[in-house]
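Engineer: First the structure, which I've put down as C-alpha cells, then a few questions once you've had a look.
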Amino acid sequence: MTSPLQQKLKVHGPVVITANRLGDGAVVYWTAAGAWTTDIAAAAVATASARAKQLLAAATADFVHAVDPYVAPVELSPDRRVLPGNLREQIRVSGPTFSLPGA
Amino acid sequence: MYRYDEFDQQLIDERVAEFRDQVRRRLSGELTEDEFKLLRLLNGVYLQLHAYMLRIAIPYGTLSSEQLRMLAHVARRYDKNYGHFTTRQNIQFNWIKLEEIPDTIADLAGAHLHAMQTSGNSIRNITTDHWAGVAPDEIEDPRIWAEILRQWSTLHPEFTFLPRKFKIAITAAKHDRAAVKIHDIGLRLYRNGAGEVGFEVMVGGGLGRTPFVGKTIRPFLPKRDFLSYLEAILRVYNQFGRRDNIYKARIKILVHEIGAESFAKEVEAEWQSIKDGALALDPAVVEEIKSRFRYPVYESLVDEPAELKAALKAEPRFKAWFNNSVSRHKRPGYAIVTLSLKPAGAPPGDCTAEQMDAIADLADRYSGSEIRVGHDQNLVLPHVRQRDLAALWRALDAIGLATPNVGLVSDIIACPGLDYCALANARSIPVAQELTKRFRDLGLAADLGYLHINISGCINACGHHHVGDIGILGVEKNGEEYYQLSLGGRADEHAELGALLGPAMPYAEVADSVEDVVAAYLELRERPAELFAETVKRIGLEPFKERVYAAR
C-alpha cells in the first residue's frame with residue numbers, strides 16, 4: 001500500500017490531521033504546536049495541500065503516540081470553530097449515533 | 001462442553017506472555033505500527049474508529065456458564081459494559097484499550113478463552129451448527145470435527161500467513177444452520193448410500209465484494225481422510241492463491257478463476273502424496289477427542305409434560321414465545337431454547353454484562369451450564385427440561401431476552417457499520433433499529449414467517465447481505481449514506497445469492513422501501529407457507545421493483 005506521504009494530496013477546503021492514540025485508541029488531532037489533542041477545536045487546520053502534507057509528515061513521524069494519521073475534512077463554523085467535515089468524522093468525535101447498550 | 005487439556009492451557013498462557021511483551025515493546029516505541037500490526041492481528045486486536053476492538057474466539061459457538069461470566073467481567077472491567085456477538089460465533093468488545101489488552105487476555109485465559117484465529121490471514125475460528133449435539137436432525141455431533149480442526153489449525157506453521165483469511169464451517173444436520181456454503185471450506189457430514197458416514201467437501205464459497213456459493217469438489221470424504229484432504233486444499237490455496245491483490249486473494253477467486261474441476265485435480269494430486277501419512281486419522285484419536293466432550297446427564301423424561309401443558313394454556317405470552325423460540329431436542333422431555341438478542345430498537349447481537357451474568361445463572365439452573373452462540377447473533381440454551389420452560393421464560397422475560405422473533409423479520413443480522421468500523425461506508429445498526437421498530441408487531445411477523453433481513457455497512461459483507469431474504473448494503477455516494485436492496489438470498493442448504501433490486505436509495509428511504517417489499521410479498525405469495533425467497537424465485541424482481549421505485 002502506498003504511504004499517505006507518497007500519495008498525491010488534494011485538499012478541497014479545510015482539513016486536519018487525525019489519528020488514534022496508541023495506548024487506548026482514542027481519537028486525536030495534530031496541533032500547530034506539534035502535539036496530539038483529543039479536542040478537534042485545537043487541531044491545526046490546513047487549507048492548502050502543501051501545508052496539509054507538511055502537517056501529515058510531522059504527525060506521521062510521531063509513531064509512538066498515535067496510529068495511522070490521515071487527512072480528514074473539517075468545516076469551519078461562522079465563528080471559526082472546527083467541526084467534523086463528514087459523518088465518519090462526526091461519529092469519531094461524538095461516538096455511535098445511538099445509545100450504547102451498557103450505558 | 002469440551003475439556004481443555006494441559007497442552008491447550010499452556011499454549012494460551014504462553015500466548016498471553018508473548019503478546020504482553022509485544023504490547024510493551026509497541027507502547028515503548030521499540031516496535032513501529034507496521035511491525036506491530038501483524039502481531040496484533042494474530043491476537044484478535046483491531047483498531048476501529050474510536051477505539052481498539054478485541055475479538056474473542058468461541059470455538060464452534062460453545063460457551064460454559066463460567067466462560068460467559070468471564071466475558072461479562074471483561075465487558076465490565078475493560079469495556080463499556082457490553083459485548084457484541086458476531087456472525088462467526090465470536091464476541092467482540094468495541095472499547096478496549098491496548099494498554100489493558102494483556103491483562104484482558106490473561107483474565108480470559110483463566111477461563112480457557114483466547115483471541116487466536118479471530119483475525120489475520122489465518123484459519124479462523126471453526127464454526128458449526130449452534131444446535132450441535134442436540135439437534136434431532138443431525139447425524140452426529142459436528143463439534144468433534146470442529147475441535148479436530150481447531151487442534152490442527154492453531155499455530156499450524158504452514159498456514160499462519162495465508163494469502164488471506166480462511167473460514168471453515170461444518171454441519172451434520174439435514175437443515176444447514178451453519179451457512180456452510182458461504183465459507184471458504186464448507187463441510188457436510190452425512191451417511192452415504194453404503195451406510196458410511198463422511199463429508200461432502202465444498203470450497204470457494206464466500207461473500208464480500210465478489211460473492212460465490214461454494215462448489216462441491218468431493219462428494220464423499222471418509223472420516224479417516226478428513227485432515228489430510230483439508231491440508232491438501234490449504235496447500236493448494238497457499239501455493240496458488242493471489243498475494244498481489246487483496247481483493248483477489250480469497251480461495252473463492254482461485255476456485256472461480258481456474259474452475260472447481262481444475263482446483264479439485266490440484267487438491268487430489270497434493271492429497272495423494274500425504275493421505276497415508278501422519279494426518280490419516282486414527283479412530284482412537286477421534287474417540288479420545290470425542291470423550292473430552294461432556295454432555296449433561298439427561299433424565300428419562302417425556303415430551304409435553306403436564307407443567308408445560310398447563311403453562312401454555314394459562315399464559316398466551318408464554319405460548320407465543322414457546323411457538324417461536326423453543327425447538328425440538330433429540331432427547332424426549334428436553335428442548336432447545338433460543339434467546340433473541342434482537343429486541344425492538346436494540347443493536348442486533350449486543351448483550352450487556354448484566355444479561356451475560358443472568359444468562360450464565362440460567363444456564364447453570366436450566367441448561368447444564370452450557371450456552372451456544374449462533375451465526376444469527378442469537379444465543380441458545382441447548383439442554384432445557386420442558387417442564388422448566390415456563391420458569392425459564394419468566395426469568396428471560398424479566399431481563400429482556402424473551403422477544404419471540406427468532407427467524408422472523410425483526411431478527412436482523414447486522415454488522416457494526418459506520419458507528420464503529422473503520423472500513424464501513426454507511427451505518428447498519430440504526431437501520432436495523434428502525435426496522436425492528438417498524439416490524440415490532442409480532443402478529444405481522446408471525447404471519448410473514450421465516451424472513452431474514454441482513455445488513456452490511458460496506459461491500460465486505462460482514463452482515464451477510466447477499467444471503468438475506470432482504471439484503472441491505474450501505475454504500476457512500478457523494479459523501480452521503482446510500483443503501484442497495486437485494487432480494488431472494490439464503491444461506492441454508494439451498495444457498496443462493498440475492499439479486500440487486502435497483503438503484504441505491506438514501507438512508508431516509510430504506511425502512512419505507514423494506515416495508516413496501518414486505519407488503520408486496522404479503523400480497524403476492526401464493527400461500528402463507530410460501531417462503532419469501534420462493535416467492536422471489538417464482539415471480540422475479542419486477543413486482544417488487546415496481547412497488548419500491550414507482551412511488552419515489
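Ordered as shown in the C-alpha cells, chains take letters A, B, and onward, while each chain numbers its residues from 1 and ligands are numbered from 1 in the order shown.
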Can I get the residues of chain B within 8 Å of chain A, each with the closest pair of atoms and their distance in Å to one decimal, using only C-alpha atoms, sorted chain first then ascending number, as JSON lines?
Structural biologist:
{"residue": "B:Arg26", "atom": "CA", "partner": "A:Val64", "partner_atom": "CA", "distance": 7.8}
{"residue": "B:Leu27", "atom": "CA", "partner": "A:Val64", "partner_atom": "CA", "distance": 6.8}
{"residue": "B:Ser28", "atom": "CA", "partner": "A:Val64", "partner_atom": "CA", "distance": 7.1}
{"residue": "B:Gly29", "atom": "CA", "partner": "A:Val64", "partner_atom": "CA", "distance": 5.1}
{"residue": "B:Thr32", "atom": "CA", "partner": "A:Phe63", "partner_atom": "CA", "distance": 6.7}
{"residue": "B:Glu33", "atom": "CA", "partner": "A:Val67", "partner_atom": "CA", "distance": 6.8}
{"residue": "B:Leu47", "atom": "CA", "partner": "A:Gly25", "partner_atom": "CA", "distance": 7.0}
{"residue": "B:Gln48", "atom": "CA", "partner": "A:Gly25", "partner_atom": "CA", "distance": 8.0}
{"residue": "B:Leu49", "atom": "CA", "partner": "A:Arg92", "partner_atom": "CA", "distance": 5.9}
{"residue": "B:His50", "atom": "CA", "partner": "A:Ala26", "partner_atom": "CA", "distance": 5.5}
{"residue": "B:Ala51", "atom": "CA", "partner": "A:Gly25", "partner_atom": "CA", "distance": 4.1}
{"residue": "B:Tyr52", "atom": "CA", "partner": "A:Gly25", "partner_atom": "CA", "distance": 5.5}
{"residue": "B:Lys80", "atom": "CA", "partner": "A:Gly102", "partner_atom": "CA", "distance": 6.2}
{"residue": "B:Asn81", "atom": "CA", "partner": "A:Gly102", "partner_atom": "CA", "distance": 4.7}
{"residue": "B:Tyr82", "atom": "CA", "partner": "A:Gly102", "partner_atom": "CA", "distance": 5.2}
{"residue": "B:Ile96", "atom": "CA", "partner": "A:Asp24", "partner_atom": "CA", "distance": 7.1}
{"residue": "B:Lys97", "atom": "CA", "partner": "A:Asp24", "partner_atom": "CA", "distance": 4.0}
{"residue": "B:Leu98", "atom": "CA", "partner": "A:Gly23", "partner_atom": "CA", "distance": 5.3}
{"residue": "B:Glu99", "atom": "CA", "partner": "A:Gly23", "partner_atom": "CA", "distance": 5.3}
{"residue": "B:Ala346", "atom": "CA", "partner": "A:Pro101", "partner_atom": "CA", "distance": 7.6}
{"residue": "B:Pro347", "atom": "CA", "partner": "A:Pro101", "partner_atom": "CA", "distance": 7.8}
{"residue": "B:Asp350", "atom": "CA", "partner": "A:Pro101", "partner_atom": "CA", "distance": 7.1}
{"residue": "B:Cys351", "atom": "CA", "partner": "A:Pro101", "partner_atom": "CA", "distance": 7.4}
{"residue": "B:Thr352", "atom": "CA", "partner": "A:Gly102", "partner_atom": "CA", "distance": 5.4}
{"residue": "B:Ala353", "atom": "CA", "partner": "A:Gly102", "partner_atom": "CA", "distance": 7.4}
{"residue": "B:Leu418", "atom": "CA", "partner": "A:Arg88", "partner_atom": "CA", "distance": 6.8}
{"residue": "B:Asp419", "atom": "CA", "partner": "A:Pro96", "partner_atom": "CA", "distance": 4.6}
{"residue": "B:Tyr420", "atom": "CA", "partner": "A:Pro96", "partner_atom": "CA", "distance": 6.8}
{"residue": "B:Pro430", "atom": "CA", "partner": "A:Phe98", "partner_atom": "CA", "distance": 7.1}
{"residue": "B:Gly479", "atom": "CA", "partner": "A:Asn86", "partner_atom": "CA", "distance": 7.0}
Engineer: Which of region 184-288 of chain B end up as alpha helix (DSSP H) when DSSP is run on this backbone - answer as a short mmCIF file (atom, residue, chain, number, x, y, z; two decimals) with all heavy atoms, in the first residue's frame?
Structural biologist:
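The resulting file, out_20.cif, is shown below:
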data_model
loop_
_atom_site.label_atom_id
_atom_site.label_comp_id
_atom_site.auth_asym_id
_atom_site.auth_seq_id
_atom_site.Cartn_x
_atom_site.Cartn_y
_atom_site.Cartn_z
N PHE B 226 -10.10 -36.90 6.60
CA PHE B 226 -10.59 -35.55 6.90
C PHE B 226 -9.45 -34.52 6.95
O PHE B 226 -9.46 -33.51 6.24
CB PHE B 226 -11.31 -35.62 8.25
CG PHE B 226 -11.91 -34.34 8.75
CD1 PHE B 226 -12.91 -33.69 8.06
CD2 PHE B 226 -11.48 -33.79 9.96
CE1 PHE B 226 -13.49 -32.53 8.55
CE2 PHE B 226 -12.04 -32.63 10.46
CZ PHE B 226 -13.04 -31.99 9.75
N LEU B 227 -8.45 -34.78 7.76
CA LEU B 227 -7.37 -33.79 7.93
C LEU B 227 -6.45 -33.72 6.72
O LEU B 227 -6.05 -32.63 6.29
CB LEU B 227 -6.54 -34.11 9.17
CG LEU B 227 -7.09 -33.66 10.51
CD1 LEU B 227 -6.05 -33.91 11.61
CD2 LEU B 227 -7.46 -32.18 10.50
N SER B 228 -6.11 -34.88 6.17
CA SER B 228 -5.15 -34.85 5.06
C SER B 228 -5.76 -34.14 3.85
O SER B 228 -5.08 -33.38 3.14
CB SER B 228 -4.72 -36.27 4.68
OG SER B 228 -5.83 -37.05 4.32
N TYR B 229 -7.06 -34.33 3.63
CA TYR B 229 -7.69 -33.68 2.48
C TYR B 229 -7.78 -32.17 2.68
O TYR B 229 -7.52 -31.39 1.76
CB TYR B 229 -9.09 -34.28 2.23
CG TYR B 229 -9.64 -33.91 0.86
CD1 TYR B 229 -9.19 -34.56 -0.28
CD2 TYR B 229 -10.60 -32.91 0.73
CE1 TYR B 229 -9.68 -34.21 -1.53
CE2 TYR B 229 -11.10 -32.57 -0.52
CZ TYR B 229 -10.64 -33.22 -1.65
OH TYR B 229 -11.12 -32.87 -2.88
N LEU B 230 -8.11 -31.76 3.91
CA LEU B 230 -8.16 -30.32 4.17
C LEU B 230 -6.77 -29.69 4.09
O LEU B 230 -6.60 -28.58 3.60
CB LEU B 230 -8.81 -30.02 5.53
CG LEU B 230 -10.29 -29.64 5.38
CD1 LEU B 230 -11.13 -30.79 4.90
CD2 LEU B 230 -10.86 -29.05 6.65
N GLU B 231 -5.78 -30.43 4.56
CA GLU B 231 -4.40 -29.94 4.44
C GLU B 231 -4.04 -29.75 2.95
O GLU B 231 -3.43 -28.76 2.56
CB GLU B 231 -3.44 -30.95 5.08
CG GLU B 231 -1.97 -30.57 4.93
CD GLU B 231 -1.28 -30.18 6.24
OE1 GLU B 231 -1.96 -29.86 7.22
OE2 GLU B 231 -0.05 -30.16 6.24
N ALA B 232 -4.48 -30.69 2.13
CA ALA B 232 -4.21 -30.58 0.69
C ALA B 232 -4.89 -29.34 0.09
O ALA B 232 -4.28 -28.61 -0.70
CB ALA B 232 -4.66 -31.85 -0.03
N ILE B 233 -6.13 -29.08 0.49
CA ILE B 233 -6.83 -27.88 -0.01
C ILE B 233 -6.04 -26.63 0.38
O ILE B 233 -5.79 -25.74 -0.44
CB ILE B 233 -8.27 -27.79 0.56
CG1 ILE B 233 -9.13 -28.94 0.04
CG2 ILE B 233 -8.90 -26.45 0.19
CD1 ILE B 233 -10.52 -28.99 0.68
N LEU B 234 -5.67 -26.58 1.66
CA LEU B 234 -4.96 -25.39 2.15
C LEU B 234 -3.61 -25.22 1.45
O LEU B 234 -3.19 -24.10 1.15
CB LEU B 234 -4.77 -25.48 3.67
CG LEU B 234 -5.78 -24.78 4.57
CD1 LEU B 234 -5.77 -23.27 4.38
CD2 LEU B 234 -7.19 -25.28 4.38
N ARG B 235 -2.93 -26.33 1.16
CA ARG B 235 -1.64 -26.23 0.48
C ARG B 235 -1.81 -25.68 -0.94
O ARG B 235 -1.03 -24.84 -1.38
CB ARG B 235 -0.98 -27.61 0.42
CG ARG B 235 -0.31 -27.97 1.72
CD ARG B 235 0.51 -29.22 1.54
NE ARG B 235 1.28 -29.47 2.75
CZ ARG B 235 2.10 -30.50 2.91
NH1 ARG B 235 2.26 -31.36 1.92
NH2 ARG B 235 2.75 -30.67 4.03
N VAL B 236 -2.83 -26.17 -1.63
CA VAL B 236 -3.07 -25.68 -3.00
C VAL B 236 -3.40 -24.19 -2.96
O VAL B 236 -2.87 -23.39 -3.74
CB VAL B 236 -4.20 -26.49 -3.68
CG1 VAL B 236 -4.62 -25.84 -4.99
CG2 VAL B 236 -3.75 -27.93 -3.91
N TYR B 237 -4.23 -23.82 -2.01
CA TYR B 237 -4.58 -22.40 -1.88
C TYR B 237 -3.34 -21.57 -1.51
O TYR B 237 -3.10 -20.51 -2.09
CB TYR B 237 -5.67 -22.24 -0.82
CG TYR B 237 -5.92 -20.81 -0.40
CD1 TYR B 237 -6.21 -19.83 -1.35
CD2 TYR B 237 -5.85 -20.44 0.94
CE1 TYR B 237 -6.43 -18.52 -0.97
CE2 TYR B 237 -6.07 -19.13 1.32
CZ TYR B 237 -6.35 -18.17 0.37
OH TYR B 237 -6.56 -16.87 0.75
N ASN B 238 -2.56 -22.07 -0.58
CA ASN B 238 -1.38 -21.34 -0.13
C ASN B 238 -0.39 -21.13 -1.28
O ASN B 238 0.27 -20.10 -1.38
CB ASN B 238 -0.71 -22.10 1.02
CG ASN B 238 0.01 -21.19 1.99
OD1 ASN B 238 -0.17 -19.97 1.95
ND2 ASN B 238 0.81 -21.75 2.85
N GLN B 239 -0.35 -22.12 -2.17
CA GLN B 239 0.59 -22.02 -3.28
C GLN B 239 0.06 -21.12 -4.41
O GLN B 239 0.79 -20.30 -4.95
CB GLN B 239 0.87 -23.42 -3.83
CG GLN B 239 1.93 -23.40 -4.93
CD GLN B 239 2.22 -24.79 -5.48
OE1 GLN B 239 1.67 -25.80 -5.01
NE2 GLN B 239 3.06 -24.85 -6.49
N PHE B 240 -1.21 -21.28 -4.74
CA PHE B 240 -1.74 -20.58 -5.93
C PHE B 240 -2.60 -19.36 -5.62
O PHE B 240 -2.92 -18.59 -6.52
CB PHE B 240 -2.55 -21.55 -6.79
CG PHE B 240 -1.73 -22.69 -7.34
CD1 PHE B 240 -1.96 -24.00 -6.95
CD2 PHE B 240 -0.70 -22.44 -8.25
CE1 PHE B 240 -1.20 -25.05 -7.44
CE2 PHE B 240 0.06 -23.49 -8.76
CZ PHE B 240 -0.18 -24.80 -8.35
N ILE B 251 -9.78 -17.77 -1.45
CA ILE B 251 -9.79 -19.02 -2.23
C ILE B 251 -10.91 -19.03 -3.27
O ILE B 251 -10.79 -19.65 -4.33
CB ILE B 251 -9.89 -20.25 -1.29
CG1 ILE B 251 -9.55 -21.54 -2.05
CG2 ILE B 251 -11.25 -20.34 -0.64
CD1 ILE B 251 -9.48 -22.78 -1.17
N LYS B 252 -12.00 -18.30 -2.98
CA LYS B 252 -13.12 -18.29 -3.93
C LYS B 252 -12.69 -17.77 -5.29
O LYS B 252 -13.19 -18.23 -6.33
CB LYS B 252 -14.28 -17.46 -3.37
CG LYS B 252 -13.96 -16.01 -3.13
CD LYS B 252 -15.06 -15.27 -2.39
CE LYS B 252 -14.58 -13.84 -2.09
NZ LYS B 252 -15.56 -13.10 -1.30
N ILE B 253 -11.77 -16.80 -5.30
CA ILE B 253 -11.32 -16.24 -6.58
C ILE B 253 -10.48 -17.28 -7.32
O ILE B 253 -10.63 -17.47 -8.53
CB ILE B 253 -10.48 -14.95 -6.35
CG1 ILE B 253 -11.28 -13.91 -5.55
CG2 ILE B 253 -9.99 -14.37 -7.68
CD1 ILE B 253 -12.51 -13.37 -6.22
N LEU B 254 -9.60 -17.97 -6.58
CA LEU B 254 -8.79 -19.02 -7.20
C LEU B 254 -9.70 -20.10 -7.80
O LEU B 254 -9.52 -20.50 -8.95
CB LEU B 254 -7.85 -19.63 -6.14
CG LEU B 254 -7.00 -20.81 -6.61
CD1 LEU B 254 -6.02 -20.38 -7.70
CD2 LEU B 254 -6.24 -21.43 -5.43
N VAL B 255 -10.67 -20.57 -7.02
CA VAL B 255 -11.57 -21.63 -7.50
C VAL B 255 -12.34 -21.14 -8.73
O VAL B 255 -12.50 -21.86 -9.71
CB VAL B 255 -12.54 -22.07 -6.37
CG1 VAL B 255 -13.60 -23.03 -6.90
CG2 VAL B 255 -11.75 -22.71 -5.22
N HIS B 256 -12.78 -19.89 -8.67
CA HIS B 256 -13.53 -19.33 -9.80
C HIS B 256 -12.64 -19.20 -11.04
O HIS B 256 -13.06 -19.54 -12.15
CB HIS B 256 -14.10 -17.97 -9.41
CG HIS B 256 -14.83 -17.29 -10.51
ND1 HIS B 256 -16.03 -17.75 -11.00
CD2 HIS B 256 -14.52 -16.18 -11.24
CE1 HIS B 256 -16.43 -16.95 -11.97
NE2 HIS B 256 -15.53 -16.00 -12.14
N GLU B 257 -11.41 -18.73 -10.83
CA GLU B 257 -10.55 -18.46 -11.99
C GLU B 257 -10.06 -19.74 -12.67
O GLU B 257 -10.00 -19.80 -13.89
CB GLU B 257 -9.36 -17.58 -11.58
CG GLU B 257 -9.79 -16.12 -11.42
CD GLU B 257 -8.64 -15.17 -11.12
OE1 GLU B 257 -7.51 -15.65 -10.87
OE2 GLU B 257 -8.89 -13.95 -11.11
N ILE B 258 -9.70 -20.75 -11.88
CA ILE B 258 -9.21 -21.97 -12.54
C ILE B 258 -10.32 -23.01 -12.72
O ILE B 258 -10.13 -23.99 -13.42
CB ILE B 258 -7.98 -22.59 -11.82
CG1 ILE B 258 -8.37 -23.22 -10.48
CG2 ILE B 258 -6.86 -21.59 -11.66
CD1 ILE B 258 -7.23 -24.02 -9.84
N ALA B 260 -13.67 -25.16 -10.59
CA ALA B 260 -13.72 -26.11 -9.46
C ALA B 260 -13.08 -27.45 -9.83
O ALA B 260 -12.42 -28.08 -9.01
CB ALA B 260 -15.16 -26.31 -9.01
N GLU B 261 -13.25 -27.85 -11.09
CA GLU B 261 -12.71 -29.14 -11.50
C GLU B 261 -11.18 -29.14 -11.46
O GLU B 261 -10.55 -30.07 -10.93
CB GLU B 261 -13.19 -29.44 -12.92
CG GLU B 261 -13.47 -30.89 -13.17
CD GLU B 261 -14.21 -31.07 -14.47
OE1 GLU B 261 -15.40 -30.67 -14.56
OE2 GLU B 261 -13.58 -31.57 -15.41
N SER B 262 -10.58 -28.08 -12.03
CA SER B 262 -9.11 -27.99 -12.02
C SER B 262 -8.60 -27.88 -10.59
O SER B 262 -7.58 -28.48 -10.24
CB SER B 262 -8.63 -26.76 -12.79
OG SER B 262 -9.07 -26.82 -14.08
N PHE B 263 -9.33 -27.10 -9.80
CA PHE B 263 -8.91 -26.95 -8.41
C PHE B 263 -8.93 -28.32 -7.72
O PHE B 263 -7.99 -28.70 -7.02
CB PHE B 263 -9.82 -25.96 -7.68
CG PHE B 263 -9.41 -25.72 -6.26
CD1 PHE B 263 -8.41 -24.79 -5.96
CD2 PHE B 263 -9.98 -26.44 -5.22
CE1 PHE B 263 -8.00 -24.59 -4.65
CE2 PHE B 263 -9.57 -26.24 -3.91
CZ PHE B 263 -8.59 -25.32 -3.63
N ALA B 264 -10.01 -29.07 -7.95
CA ALA B 264 -10.13 -30.40 -7.33
C ALA B 264 -8.98 -31.31 -7.77
O ALA B 264 -8.45 -32.09 -6.97
CB ALA B 264 -11.47 -31.01 -7.70
N LYS B 265 -8.58 -31.19 -9.03
CA LYS B 265 -7.46 -32.02 -9.53
C LYS B 265 -6.17 -31.68 -8.81
O LYS B 265 -5.39 -32.56 -8.46
CB LYS B 265 -7.29 -31.79 -11.04
CG LYS B 265 -8.16 -32.70 -11.87
CD LYS B 265 -7.85 -32.54 -13.34
CE LYS B 265 -8.98 -33.14 -14.17
NZ LYS B 265 -9.06 -32.57 -15.50
N GLU B 266 -5.94 -30.38 -8.62
CA GLU B 266 -4.73 -29.95 -7.90
C GLU B 266 -4.74 -30.52 -6.48
O GLU B 266 -3.73 -30.99 -5.97
CB GLU B 266 -4.65 -28.42 -7.83
CG GLU B 266 -4.47 -27.72 -9.17
CD GLU B 266 -3.04 -27.87 -9.71
OE1 GLU B 266 -2.16 -28.32 -8.96
OE2 GLU B 266 -2.83 -27.54 -10.90
N VAL B 267 -5.90 -30.44 -5.85
CA VAL B 267 -6.03 -30.94 -4.48
C VAL B 267 -5.77 -32.45 -4.46
O VAL B 267 -5.05 -32.97 -3.61
CB VAL B 267 -7.42 -30.61 -3.89
CG1 VAL B 267 -7.63 -31.31 -2.56
CG2 VAL B 267 -7.60 -29.12 -3.75
N GLU B 268 -6.37 -33.12 -5.43
CA GLU B 268 -6.23 -34.58 -5.50
C GLU B 268 -4.74 -34.96 -5.60
O GLU B 268 -4.28 -35.87 -4.90
CB GLU B 268 -7.00 -35.09 -6.73
CG GLU B 268 -7.12 -36.58 -6.87
CD GLU B 268 -7.99 -37.21 -5.79
OE1 GLU B 268 -8.91 -36.54 -5.28
OE2 GLU B 268 -7.74 -38.39 -5.46
N ALA B 269 -4.02 -34.26 -6.47
CA ALA B 269 -2.60 -34.57 -6.67
C ALA B 269 -1.82 -34.37 -5.36
O ALA B 269 -1.00 -35.20 -4.97
CB ALA B 269 -2.03 -33.71 -7.78
N GLU B 270 -2.10 -33.25 -4.71
CA GLU B 270 -1.41 -32.96 -3.45
C GLU B 270 -1.79 -34.01 -2.39
O GLU B 270 -0.95 -34.51 -1.64
CB GLU B 270 -1.81 -31.56 -2.97
CG GLU B 270 -1.16 -31.11 -1.68
CD GLU B 270 0.34 -30.98 -1.78
OE1 GLU B 270 0.84 -30.59 -2.85
OE2 GLU B 270 1.03 -31.31 -0.78
N TRP B 271 -3.06 -34.33 -2.37
CA TRP B 271 -3.58 -35.25 -1.34
C TRP B 271 -2.95 -36.64 -1.46
O TRP B 271 -2.62 -37.27 -0.46
CB TRP B 271 -5.11 -35.33 -1.49
CG TRP B 271 -5.79 -36.15 -0.46
CD1 TRP B 271 -5.55 -36.15 0.87
CD2 TRP B 271 -6.82 -37.11 -0.69
NE1 TRP B 271 -6.39 -37.03 1.50
CE2 TRP B 271 -7.19 -37.64 0.56
CE3 TRP B 271 -7.50 -37.55 -1.82
CZ2 TRP B 271 -8.17 -38.61 0.71
CZ3 TRP B 271 -8.50 -38.50 -1.68
CH2 TRP B 271 -8.82 -39.03 -0.42
N GLN B 272 -2.77 -37.08 -2.73
CA GLN B 272 -2.20 -38.42 -2.92
C GLN B 272 -0.84 -38.55 -2.24
O GLN B 272 -0.46 -39.63 -1.80
CB GLN B 272 -2.09 -38.75 -4.42
CG GLN B 272 -3.43 -39.01 -5.11
CD GLN B 272 -4.26 -40.10 -4.44
OE1 GLN B 272 -3.73 -41.09 -3.92
NE2 GLN B 272 -5.58 -39.92 -4.40
N SER B 273 -0.13 -37.43 -2.16
CA SER B 273 1.22 -37.51 -1.59
C SER B 273 1.20 -37.48 -0.06
O SER B 273 2.21 -37.74 0.57
CB SER B 273 2.08 -36.36 -2.13
OG SER B 273 1.61 -35.14 -1.62
N ILE B 274 0.05 -37.14 0.55
CA ILE B 274 0.05 -37.03 2.03
C ILE B 274 -1.03 -37.87 2.70
O ILE B 274 -1.04 -38.00 3.92
CB ILE B 274 -0.11 -35.55 2.49
CG1 ILE B 274 -1.41 -34.95 1.94
CG2 ILE B 274 1.09 -34.72 2.11
CD1 ILE B 274 -1.72 -33.55 2.50
N PRO B 283 -8.94 -43.77 14.35
CA PRO B 283 -10.23 -43.69 15.07
C PRO B 283 -10.05 -43.53 16.57
O PRO B 283 -10.89 -42.91 17.24
CB PRO B 283 -10.91 -45.02 14.73
CG PRO B 283 -10.26 -45.49 13.47
CD PRO B 283 -8.86 -44.95 13.47
N ALA B 284 -8.95 -44.04 17.11
CA ALA B 284 -8.73 -43.92 18.56
C ALA B 284 -8.52 -42.46 18.96
O ALA B 284 -8.94 -42.02 20.03
CB ALA B 284 -7.51 -44.75 18.97
N VAL B 285 -7.88 -41.70 18.08
CA VAL B 285 -7.65 -40.28 18.35
C VAL B 285 -8.99 -39.53 18.32
O VAL B 285 -9.27 -38.68 19.17
CB VAL B 285 -6.66 -39.67 17.33
CG1 VAL B 285 -6.58 -38.16 17.46
CG2 VAL B 285 -5.29 -40.30 17.48
N VAL B 286 -9.80 -39.88 17.34
CA VAL B 286 -11.13 -39.25 17.25
C VAL B 286 -11.93 -39.59 18.50
O VAL B 286 -12.59 -38.71 19.10
CB VAL B 286 -11.87 -39.73 15.97
CG1 VAL B 286 -13.26 -39.11 15.92
CG2 VAL B 286 -11.07 -39.38 14.72
N GLU B 287 -11.86 -40.83 18.93
CA GLU B 287 -12.59 -41.24 20.14
C GLU B 287 -12.11 -40.48 21.36
O GLU B 287 -12.88 -40.08 22.22
CB GLU B 287 -12.42 -42.76 20.37
CG GLU B 287 -13.39 -43.61 19.59
CD GLU B 287 -14.85 -43.18 19.73
OE1 GLU B 287 -15.34 -43.04 20.87
OE2 GLU B 287 -15.51 -42.95 18.69
N GLU B 288 -10.79 -40.26 21.43
CA GLU B 288 -10.20 -39.54 22.57
C GLU B 288 -10.75 -38.11 22.61
O GLU B 288 -11.15 -37.60 23.66
CB GLU B 288 -8.66 -39.57 22.44
CG GLU B 288 -7.88 -38.46 23.16
CD GLU B 288 -7.98 -38.55 24.68
OE1 GLU B 288 -8.42 -39.60 25.16
OE2 GLU B 288 -7.64 -37.55 25.36
#
Engineer: Might you pull out every residue within 7 Å of region 35-43 of chain A, with only C-alpha atoms counted and same-chain residues fewer than 5 positions away left off, and present them as a VMD selection string?
Structural biologist: chain A and resid 16 27 to 30 81 to 82
Engineer: Among region 223-410 of chain B, which ones does DSSP place in strand (DSSP E), written as a list in words?
Structural biologist: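 Put together, the selection reads Val326, Ser327, Arg328, Tyr334, Ala335, Ile336, Val337, Thr338, Leu339, Asp350, Cys351, Thr352, Glu370, Ile371, Arg372, Val373, Leu379, Val380, Leu381, Pro382, His383, Val384 and Arg385 of chain B.
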Engineer: May I ask for the distance between CA of Tyr521 (chain B) and CA of Gly488 (chain B), given in Å to one decimal place?
Structural biologist: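 It comes out at 11.3 Å.
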Engineer: With a distance cut-off of 6 Å and only C-alpha atoms, select the neighbouring residues of region 376-382 of chain B, excluding the residue or stretch itself and same-chain residues fewer than 4 positions from it, and output the selection as a VMD selection string.
Structural biologist: chain B and resid 85 to 87 336 to 341 349 367 371 to 372
Engineer: Show me, as number ranges by chain, the residues that have an atom within 9 Å of Val536 (chain B) when counting only C-alpha atoms, minus same-chain residues fewer than 3 positions from it.
Structural biologist: B: 469, 487-488, 521, 525, 531-533, 539-541, 544
Engineer: Using only C-alpha atoms, which residues sit within 10 Å of Asp303 (chain B) once same-chain residues fewer than 2 positions away are excluded, as an MDAnalysis selection string?
Structural biologist: chainID B and resid 301 305:306 308 328:329 331:335 385:387
Engineer: Using only C-alpha atoms, which residues sit within 12 Å of Arg77 (chain B) once same-chain residues fewer than 6 positions away are excluded, as a ChimeraX atom specification?
Structural biologist: /B:69-71,83,93,95-97,100-101,103-104,107-108,353
